[in-house]
>>> print(open('protein_29.csv').read())   # CSV, C-alpha atoms
chain,number,residue,atom,x,y,z
A,24,MET,CA,74.5,92.8,78.1
A,25,GLY,CA,74.0,89.3,79.6
A,26,LEU,CA,74.3,87.8,83.0
A,27,ALA,CA,77.8,86.9,84.1
A,28,ARG,CA,76.8,83.4,84.9
A,29,LYS,CA,76.0,80.1,83.1
A,30,ASP,CA,72.9,79.2,85.2
A,31,LEU,CA,70.1,80.6,87.3
A,32,LEU,CA,69.8,78.1,90.2
A,33,GLY,CA,68.5,80.3,93.1
A,34,MET,CA,68.2,83.7,94.5
A,35,LYS,CA,70.7,83.1,97.3
A,36,ASP,CA,73.6,83.6,95.0
A,37,VAL,CA,72.2,86.3,92.8
A,38,SER,CA,73.3,89.9,93.5
A,39,ALA,CA,71.1,93.0,93.8
A,40,GLU,CA,72.7,94.3,90.6
A,41,GLU,CA,71.8,91.1,88.7
A,42,ILE,CA,68.2,91.3,90.0
A,43,THR,CA,68.0,94.9,88.8
A,44,LEU,CA,69.3,93.9,85.4
A,45,ILE,CA,66.7,91.1,85.1
A,46,LEU,CA,63.8,93.3,86.2
A,47,ASP,CA,64.8,96.1,83.9
A,48,THR,CA,65.1,93.7,81.0
A,49,ALA,CA,61.8,92.2,81.8
A,50,GLU,CA,60.2,95.7,81.7
A,51,SER,CA,61.4,96.0,78.2
A,52,PHE,CA,59.7,92.8,77.2
A,53,ILE,CA,56.2,93.7,78.6
A,54,GLU,CA,55.4,95.6,75.4
A,55,VAL,CA,56.1,92.6,73.2
A,56,SER,CA,53.2,90.7,74.8
A,57,SER,CA,50.8,93.5,73.9
A,58,ARG,CA,51.6,93.4,70.2
A,59,GLU,CA,49.4,91.9,67.5
A,60,ILE,CA,52.3,89.7,66.5
A,61,LYS,CA,53.9,88.7,69.8
A,62,LYS,CA,57.3,87.7,68.6
A,63,VAL,CA,60.8,89.2,68.4
A,64,PRO,CA,63.9,87.5,66.8
A,65,THR,CA,66.2,87.7,69.8
A,66,LEU,CA,66.7,84.0,70.3
A,67,ARG,CA,66.2,82.8,66.7
A,68,GLY,CA,68.2,79.6,66.2
A,69,LYS,CA,68.4,78.8,69.9
A,70,THR,CA,66.8,75.7,71.4
A,71,ILE,CA,65.2,75.6,74.8
A,72,ILE,CA,64.1,72.4,76.6
A,73,ASN,CA,61.5,72.5,79.4
A,74,LEU,CA,62.1,69.4,81.5
A,75,PHE,CA,59.3,69.1,84.1
A,76,TYR,CA,59.2,66.3,86.6
A,77,GLU,CA,56.3,67.9,88.5
A,78,ALA,CA,52.9,69.2,87.5
A,79,SER,CA,52.8,72.9,86.5
A,80,THR,CA,50.4,75.3,84.8
A,81,ARG,CA,51.8,78.8,85.1
A,82,THR,CA,55.6,78.2,85.2
A,83,ARG,CA,55.7,75.6,82.4
A,84,THR,CA,53.3,77.5,80.1
A,85,SER,CA,55.0,80.9,80.7
A,86,PHE,CA,58.4,79.4,80.0
A,87,GLU,CA,57.1,77.9,76.7
A,88,ILE,CA,55.4,81.2,75.7
A,89,ALA,CA,58.5,83.2,76.7
A,90,GLY,CA,60.8,81.0,74.5
A,91,LYS,CA,58.4,81.2,71.5
A,92,ARG,CA,58.0,84.9,71.8
A,93,LEU,CA,61.8,85.2,71.6
A,94,SER,CA,61.7,83.0,68.4
A,95,ALA,CA,63.5,80.1,70.1
A,96,ASP,CA,62.7,76.5,69.3
A,97,THR,CA,61.0,75.3,72.5
A,98,ILE,CA,60.5,71.6,73.4
A,99,ASN,CA,58.5,70.5,76.4
A,100,ILE,CA,59.2,67.2,78.2
A,101,SER,CA,57.2,65.8,81.1
A,102,ALA,CA,58.3,62.9,83.2
A,103,ALA,CA,55.1,61.0,82.4
A,104,THR,CA,55.9,61.1,78.7
A,105,SER,CA,59.6,60.5,78.8
A,106,SER,CA,61.9,57.5,79.3
A,107,VAL,CA,61.7,58.1,83.0
A,108,VAL,CA,58.7,55.7,83.0
A,109,LYS,CA,61.0,53.1,81.5
A,110,GLY,CA,63.6,53.5,84.3
A,111,GLU,CA,66.0,56.0,82.8
A,112,THR,CA,67.8,58.0,85.5
A,113,LEU,CA,67.9,61.8,85.6
A,114,ILE,CA,71.6,61.9,84.8
A,115,ASP,CA,71.1,59.7,81.7
A,116,THR,CA,68.2,61.9,80.6
A,117,ALA,CA,70.4,65.0,81.0
A,118,ARG,CA,73.3,63.6,79.1
A,119,ASN,CA,71.1,62.4,76.3
A,120,LEU,CA,69.6,65.9,76.0
A,121,GLU,CA,73.0,67.4,76.2
A,122,ALA,CA,74.0,65.2,73.2
A,123,MET,CA,71.2,66.9,71.1
A,124,ASN,CA,73.0,70.2,71.7
A,125,PRO,CA,70.2,72.5,73.0
A,126,ASP,CA,71.2,75.9,74.5
A,127,ILE,CA,69.1,76.1,77.7
A,128,ILE,CA,67.4,73.5,79.9
A,129,VAL,CA,64.7,74.6,82.2
A,130,ILE,CA,64.0,72.0,85.0
A,131,ARG,CA,61.4,71.5,87.7
A,132,HIS,CA,62.0,68.6,90.0
A,133,SER,CA,60.7,67.4,93.4
A,134,VAL,CA,64.2,66.8,94.8
A,135,SER,CA,66.0,69.8,96.2
A,136,GLY,CA,69.3,70.4,94.5
A,137,THR,CA,68.5,68.7,91.2
A,138,PRO,CA,69.2,71.8,89.0
A,139,HIS,CA,72.6,72.3,90.8
A,140,LEU,CA,73.5,68.7,89.9
A,141,LEU,CA,72.6,69.2,86.2
A,142,ALA,CA,74.5,72.4,86.1
A,143,ARG,CA,77.7,70.5,87.0
A,144,LEU,CA,77.0,67.7,84.6
A,145,VAL,CA,76.1,69.5,81.3
A,146,ARG,CA,77.5,72.5,79.4
A,147,GLN,CA,74.1,74.0,78.7
A,148,SER,CA,72.6,76.8,80.8
A,149,ILE,CA,70.3,75.4,83.5
A,150,ILE,CA,67.3,77.4,84.9
A,151,ASN,CA,65.7,76.3,88.1
A,152,ALA,CA,61.9,76.2,87.7
A,153,GLY,CA,61.4,74.9,91.2
A,154,ASP,CA,63.4,72.2,93.1
A,155,GLY,CA,61.7,70.5,96.0
A,156,THR,CA,61.4,72.8,99.1
A,157,HIS,CA,64.6,74.6,98.1
A,158,GLU,CA,64.0,77.5,95.6
A,159,HIS,CA,61.9,78.9,92.8
A,160,PRO,CA,63.9,81.9,91.6
A,161,THR,CA,61.8,83.0,88.6
A,162,GLN,CA,58.7,83.2,90.8
A,163,ALA,CA,60.5,85.5,93.2
A,164,LEU,CA,61.7,87.6,90.3
A,165,LEU,CA,58.2,88.0,88.9
A,166,ASP,CA,56.9,88.8,92.3
A,167,MET,CA,59.6,91.5,92.8
A,168,MET,CA,58.8,92.9,89.3
A,169,THR,CA,55.1,93.1,90.3
A,170,ILE,CA,55.8,95.0,93.5
A,171,ARG,CA,58.3,97.3,91.9
A,172,SER,CA,56.0,98.2,89.0
A,173,ARG,CA,53.2,99.0,91.4
A,174,LEU,CA,55.1,100.7,94.2
A,175,GLY,CA,58.1,102.1,92.2
A,176,THR,CA,60.7,100.5,94.4
A,177,LEU,CA,61.5,97.5,96.6
A,178,LYS,CA,63.6,99.4,99.1
A,179,ASP,CA,61.9,99.6,102.5
A,180,VAL,CA,58.7,98.0,101.3
A,181,GLU,CA,57.1,96.0,104.1
A,182,VAL,CA,56.2,92.5,102.9
A,183,ALA,CA,54.3,89.8,104.8
A,184,ILE,CA,54.6,86.2,103.6
A,185,VAL,CA,52.0,84.0,105.2
A,186,GLY,CA,51.4,80.2,105.2
A,187,ASP,CA,53.4,77.1,104.8
A,188,ILE,CA,56.9,78.7,105.0
A,189,ALA,CA,58.8,75.5,105.8
A,190,HIS,CA,57.8,73.7,102.5
A,191,SER,CA,57.6,76.8,100.3
A,192,ARG,CA,60.4,77.3,97.7
A,193,VAL,CA,58.6,80.5,96.7
A,194,ALA,CA,58.9,81.9,100.3
A,195,ARG,CA,62.6,81.0,100.4
A,196,SER,CA,63.5,82.6,97.1
A,197,ASN,CA,61.4,85.7,97.9
A,198,ILE,CA,63.1,86.2,101.2
A,199,TYR,CA,66.5,86.0,99.6
A,200,GLY,CA,65.6,88.4,96.8
A,201,LEU,CA,63.5,90.9,98.6
A,202,ARG,CA,66.0,91.4,101.4
A,203,LYS,CA,68.8,91.9,98.9
A,204,MET,CA,66.7,94.7,97.4
A,205,GLY,CA,66.1,96.4,100.7
A,206,ALA,CA,62.6,95.2,101.5
A,207,LYS,CA,61.6,94.3,105.0
A,208,VAL,CA,60.1,90.8,105.3
A,209,THR,CA,57.8,89.3,108.0
A,210,VAL,CA,56.7,85.7,107.9
A,211,ALA,CA,53.8,84.0,109.7
A,212,GLY,CA,52.2,80.5,109.7
A,213,PRO,CA,51.5,77.6,112.1
A,214,ALA,CA,54.6,76.7,114.2
A,215,THR,CA,54.6,73.3,112.6
A,216,MET,CA,55.1,75.0,109.2
A,217,MET,CA,57.9,77.3,110.2
A,218,PRO,CA,61.5,76.3,109.4
A,219,ARG,CA,63.6,75.6,112.5
A,220,ASP,CA,66.3,78.0,111.3
A,221,VAL,CA,63.9,80.7,110.3
A,222,GLY,CA,65.7,83.2,112.4
A,223,ALA,CA,68.8,82.8,110.2
A,224,PHE,CA,66.9,84.3,107.3
A,225,GLY,CA,66.8,87.8,108.7
A,226,VAL,CA,63.0,88.1,108.8
A,227,ARG,CA,60.5,89.0,111.5
A,228,VAL,CA,58.4,86.0,112.7
A,229,CYS,CA,54.8,86.4,113.8
A,230,ASP,CA,52.5,83.9,115.4
A,231,THR,CA,49.3,85.3,113.9
A,232,LEU,CA,48.0,86.5,110.6
A,233,GLU,CA,46.7,89.7,112.1
A,234,GLU,CA,50.1,90.6,113.6
A,235,ALA,CA,51.9,89.8,110.4
A,236,VAL,CA,49.8,91.9,108.0
A,237,ARG,CA,49.3,94.9,110.2
A,238,GLY,CA,50.6,98.0,108.3
A,239,LYS,CA,52.1,96.0,105.5
A,240,ASP,CA,52.5,97.2,101.9
A,241,VAL,CA,52.4,93.7,100.4
A,242,ILE,CA,50.8,90.5,101.6
A,243,MET,CA,51.9,87.3,99.9
A,244,MET,CA,49.7,84.3,100.7
A,245,LEU,CA,51.0,80.7,100.2
A,246,ARG,CA,49.4,77.4,99.4
A,247,ILE,CA,49.7,74.6,101.9
A,248,GLN,CA,52.2,72.2,100.3
A,249,LYS,CA,50.4,69.0,101.0
A,250,GLU,CA,52.5,67.0,98.5
A,251,ARG,CA,55.7,67.9,100.4
A,252,GLN,CA,54.4,67.2,103.9
A,253,HIS,CA,55.2,63.8,105.4
A,254,SER,CA,52.9,64.2,108.5
A,255,HIS,CA,49.8,66.0,109.5
A,256,LEU,CA,50.9,69.5,110.5
A,257,PHE,CA,47.5,70.9,111.4
A,258,PRO,CA,44.3,69.4,112.6
A,259,SER,CA,42.1,70.4,109.7
A,260,LEU,CA,41.7,72.8,106.8
A,261,ARG,CA,38.9,74.5,108.7
A,262,GLU,CA,41.1,75.3,111.6
A,263,TYR,CA,43.9,76.4,109.3
A,264,SER,CA,41.5,78.7,107.5
A,265,ALA,CA,40.1,80.1,110.7
A,266,ARG,CA,43.6,81.2,111.7
A,267,PHE,CA,45.5,82.0,108.5
A,268,CYS,CA,43.0,82.7,105.7
A,269,LEU,CA,43.2,86.3,104.4
A,270,THR,CA,39.8,87.9,104.7
A,271,GLY,CA,38.4,91.4,104.4
A,272,GLU,CA,38.7,91.7,108.2
A,273,SER,CA,42.4,90.9,108.3
A,274,LEU,CA,43.2,92.8,105.1
A,275,ALA,CA,41.8,96.0,106.7
A,276,LEU,CA,44.8,95.9,109.1
A,277,ALA,CA,47.2,96.4,106.3
A,278,ALA,CA,48.2,99.6,104.5
A,279,LYS,CA,45.5,101.3,102.6
A,280,ASP,CA,46.9,100.5,99.2
A,281,VAL,CA,48.2,97.0,100.1
A,282,LEU,CA,49.0,94.6,97.3
A,283,VAL,CA,47.6,91.1,97.7
A,284,MET,CA,49.8,88.3,96.0
A,285,HIS,CA,49.7,84.6,95.6
A,286,PRO,CA,52.0,82.4,93.5
A,287,GLY,CA,49.1,79.9,92.6
A,288,PRO,CA,47.5,77.6,92.5
A,289,ILE,CA,44.9,79.1,94.9
A,290,ASN,CA,42.9,77.1,97.4
A,291,ARG,CA,40.0,79.5,97.7
A,292,GLY,CA,38.7,79.8,101.2
A,293,VAL,CA,41.7,78.1,102.7
A,294,GLU,CA,44.6,80.6,102.4
A,295,ILE,CA,42.6,83.4,100.8
A,296,ALA,CA,39.0,84.4,100.6
A,297,PRO,CA,37.5,84.4,97.1
A,298,ASP,CA,36.4,88.0,97.3
A,299,ILE,CA,40.0,89.0,98.3
A,300,ALA,CA,41.6,86.9,95.5
A,301,ASP,CA,39.4,88.7,93.0
A,302,GLY,CA,39.3,92.1,94.7
A,303,PRO,CA,40.8,95.4,93.7
A,304,GLN,CA,43.9,95.0,95.8
A,305,SER,CA,44.8,91.6,94.2
A,306,VAL,CA,47.6,91.6,91.7
A,307,ILE,CA,47.6,87.8,91.3
A,308,LEU,CA,46.9,87.8,87.5
A,309,GLU,CA,49.4,90.7,87.1
A,310,GLN,CA,52.0,88.3,88.6
A,311,VAL,CA,51.1,85.8,85.9
A,312,THR,CA,51.5,88.4,83.1
A,313,ASN,CA,54.8,89.5,84.6
A,314,GLY,CA,56.0,85.9,84.7
A,315,VAL,CA,56.1,85.7,80.9
A,316,ALA,CA,58.2,88.9,80.8
A,317,VAL,CA,60.6,87.8,83.5
A,318,ARG,CA,61.1,84.5,81.9
A,319,MET,CA,61.7,86.1,78.6
A,320,ALA,CA,64.3,88.3,80.2
A,321,ILE,CA,66.1,85.4,81.8
A,322,LEU,CA,66.2,83.3,78.6
A,323,TYR,CA,67.4,86.4,76.7
A,324,LEU,CA,70.2,87.2,79.2
A,325,LEU,CA,71.4,83.6,79.6
A,326,GLY,CA,70.9,82.8,75.9
A,327,GLY,CA,73.0,85.6,74.5
A,328,GLY,CA,70.2,87.0,72.4
A,329,MET,CA,70.5,89.6,69.8
A,330,PRO,CA,69.7,93.2,70.9
>>> encode(input="protein_29.csv", output="structure tokens")
Amino acid sequence: MGLARKDLLGMKDVSAEEITLILDTAESFIEVSSREIKKVPTLRGKTIINLFYEASTRTRTSFEIAGKRLSADTINISAATSSVVKGETLIDTARNLEAMNPDIIVIRHSVSGTPHLLARLVRQSIINAGDGTHEHPTQALLDMMTIRSRLGTLKDVEVAIVGDIAHSRVARSNIYGLRKMGAKVTVAGPATMMPRDVGAFGVRVCDTLEEAVRGKDVIMMLRIQKERQHSHLFPSLREYSARFCLTGESLALAAKDVLVMHPGPINRGVEIAPDIADGPQSVILEQVTNGVAVRMAILYLLGGGMP
């Protein structure tokens, strides 16, 4: 059974049923990564291109590992080593890749909407690996998988997302996905880092970290997106840390068995204290592990793999 869609562009247009299918499929792939030979033949003969115009460690590597564990031929292209440096446009790059007849193109780009443009231009399946400040659907899916595997459900789970909400594609995709699955989402961060239309997202908005995390089942801390900010939105990192860094004191306000999450990369001591990032309530590395399984599931479902 596959997804009844050609592309995965964002969580906004993915149904709760599709989310459940992806998460259930990902659960079945967890075991593959624990084998001595970490490979299954489900996408043998398929070709996947990872086209990354932005730096990435976790997303790019896990997509590459996911493709190879499914036995697909996986090619990685970064902007710095492509004809982009010679002046080639994104559209020309896409059409040239299409002419080589791959099956799936995974793209990360700094401009919001880029994956949607490619999905209209080429016949291959397009997977959004992060576009500007818009969405990062596979991160949201791996986050939901981590919560569901730990808590058994997403329905009525209380989630706090804290930090640079305005510039975070992770926050946006998680809000869409979590709310569709019945979770209750609270957001907090400096007023200068809060979207003007945040009320339209159906979330509770808090002014302080302490108010946001009180009684929560899950706390998701976000990195300050300096590369997407066009002006100084806070006086200093020290002041930001004093107000919005998750420490033992603020964590004590949350539920006893709270899960601490972070999409990475972590700025230790800025948005999260080192002892909390490495502590017993942290599931940050579990998120990374689940990222491979989720991306395997998406490639499998879009790629029409063998059972």
>>> closest_atom_pairs(input="protein_29.csv", of="segment 295-324 of chain A", to="segment 168-176 of chain A", cutoff="12 Å", atoms="all atoms listed in the file", output="Markdown table")
| residue | atom | partner | partner_atom | distance |
| --- | --- | --- | --- | --- |
| A:Gln304 | CA | A:Arg173 | CA | 11.0 |
| A:Ser305 | CA | A:Thr169 | CA | 11.1 |
| A:Val306 | CA | A:Thr169 | CA | 7.8 |
| A:Ile307 | CA | A:Thr169 | CA | 9.2 |
| A:Leu308 | CA | A:Thr169 | CA | 10.2 |
| A:Glu309 | CA | A:Thr169 | CA | 7.0 |
| A:Gln310 | CA | A:Thr169 | CA | 6.0 |
| A:Val311 | CA | A:Thr169 | CA | 9.4 |
| A:Thr312 | CA | A:Thr169 | CA | 9.3 |
| A:Asn313 | CA | A:Thr169 | CA | 6.7 |
| A:Gly314 | CA | A:Met168 | CA | 8.8 |
| A:Val315 | CA | A:Met168 | CA | 11.4 |
| A:Ala316 | CA | A:Met168 | CA | 9.4 |
| A:Val317 | CA | A:Met168 | CA | 7.9 |
| A:Arg318 | CA | A:Met168 | CA | 11.4 |
| A:Ala320 | CA | A:Met168 | CA | 11.6 |
>>> closest_residue(input="protein_29.csv", among="A:Ala278, A:Ala189, A:Leu46, A:Leu31", to="Pro160 of chain A", atoms="all atoms listed in the file")
A:Leu31
>>> atom_distance(input="protein_29.csv", atom1="atom CA of Val108 of chain A", atom2="atom CA of Leu322 of chain A")
28.9 Å
>>> residues_around(input="protein_29.csv", residues="Ile289 of chain A", least_positions_apart="4", cutoff="9 Å", atoms="all atoms listed in the file", output="list in words")
Leu245, Arg246, His285, Val293, Glu294, Ile295 and Ala300 of chain A
>>> closest_residue(input="protein_29.csv", among="A:Ser259, A:Ile184, A:Lys35, A:Ile321", to="Met243 of chain A", atoms="only C-alpha atoms")
A:Ile184
>>> atom_distance(input="protein_29.csv", atom1="atom CA of Lys178 of chain A", atom2="atom CA of Leu269 of chain A")
24.8 Å
>>> closest_residue(input="protein_29.csv", among="A:Glu158, A:Asp230, A:Glu272, A:Asp220", to="Arg195 of chain A", atoms="all atoms listed in the file")
A:Glu158
>>> closest_residue(input="protein_29.csv", among="A:Val241, A:Ala152, A:Ala214, A:Met123", to="Ser135 of chain A", atoms="only C-alpha atoms")
A:Ala152
>>> atom_distance(input="protein_29.csv", atom1="atom CA of Ile72 of chain A", atom2="atom CA of Gly287 of chain A")
23.2 Å
>>> closest_residue(input="protein_29.csv", among="A:Gly205, A:Gly238, A:Pro125, A:Pro286", to="Arg81 of chain A", atoms="all atoms listed in the file")
A:Pro286
>>> closest_residue(input="protein_29.csv", among="A:Gly33, A:Leu274, A:Gly292, A:Pro218", to="Glu262 of chain A", atoms="all atoms listed in the file")
A:Gly292
>>> residues_near_point(input="protein_29.csv", point="(58.9, 90.0, 110.6)", cutoff="10 Å", atoms="only C-alpha atoms", output="PDB file with C-alpha atoms, in the coordinates of the input")
ATOM      1  CA  GLU A 181      57.100  96.000 104.100  1.00  0.00           C
ATOM      2  CA  VAL A 182      56.200  92.500 102.900  1.00  0.00           C
ATOM      3  CA  ALA A 183      54.300  89.800 104.800  1.00  0.00           C
ATOM      4  CA  ILE A 184      54.600  86.200 103.600  1.00  0.00           C
ATOM      5  CA  LYS A 207      61.600  94.300 105.000  1.00  0.00           C
ATOM      6  CA  VAL A 208      60.100  90.800 105.300  1.00  0.00           C
ATOM      7  CA  THR A 209      57.800  89.300 108.000  1.00  0.00           C
ATOM      8  CA  VAL A 210      56.700  85.700 107.900  1.00  0.00           C
ATOM      9  CA  ALA A 211      53.800  84.000 109.700  1.00  0.00           C
ATOM     10  CA  GLY A 222      65.700  83.200 112.400  1.00  0.00           C
ATOM     11  CA  GLY A 225      66.800  87.800 108.700  1.00  0.00           C
ATOM     12  CA  VAL A 226      63.000  88.100 108.800  1.00  0.00           C
ATOM     13  CA  ARG A 227      60.500  89.000 111.500  1.00  0.00           C
ATOM     14  CA  VAL A 228      58.400  86.000 112.700  1.00  0.00           C
ATOM     15  CA  CYS A 229      54.800  86.400 113.800  1.00  0.00           C
ATOM     16  CA  GLU A 234      50.100  90.600 113.600  1.00  0.00           C
ATOM     17  CA  ALA A 235      51.900  89.800 110.400  1.00  0.00           C
ATOM     18  CA  VAL A 236      49.800  91.900 108.000  1.00  0.00           C
TER      19      VAL A 236
END
>>> residues_near_point(input="protein_29.csv", point="(59.8, 70.8, 72.8)", cutoff="10 Å", atoms="all atoms listed in the file", output="PyMOL selection string")
chain A and resi 70-74+87+96-100
>>> residues_around(input="protein_29.csv", residues="Met217 of chain A", least_positions_apart="4", cutoff="8 Å", atoms="all atoms listed in the file", output="mmCIF file with C-alpha atoms, in the coordinates of the input")
data_model
loop_
_atom_site.group_PDB
_atom_site.id
_atom_site.type_symbol
_atom_site.label_atom_id
_atom_site.label_comp_id
_atom_site.auth_asym_id
_atom_site.auth_seq_id
_atom_site.Cartn_x
_atom_site.Cartn_y
_atom_site.Cartn_z
ATOM 1 C CA ASP A 187 53.400 77.100 104.800
ATOM 2 C CA ILE A 188 56.900 78.700 105.000
ATOM 3 C CA ALA A 189 58.800 75.500 105.800
ATOM 4 C CA ALA A 211 53.800 84.000 109.700
ATOM 5 C CA GLY A 212 52.200 80.500 109.700
ATOM 6 C CA PRO A 213 51.500 77.600 112.100
ATOM 7 C CA VAL A 221 63.900 80.700 110.300
#
>>> residues_around(input="protein_29.csv", residues="His132 of chain A", least_positions_apart="6", cutoff="8 Å", atoms="only C-alpha atoms", output="MDAnalysis selection string")
chainID A and resid 75:77 138 152:155
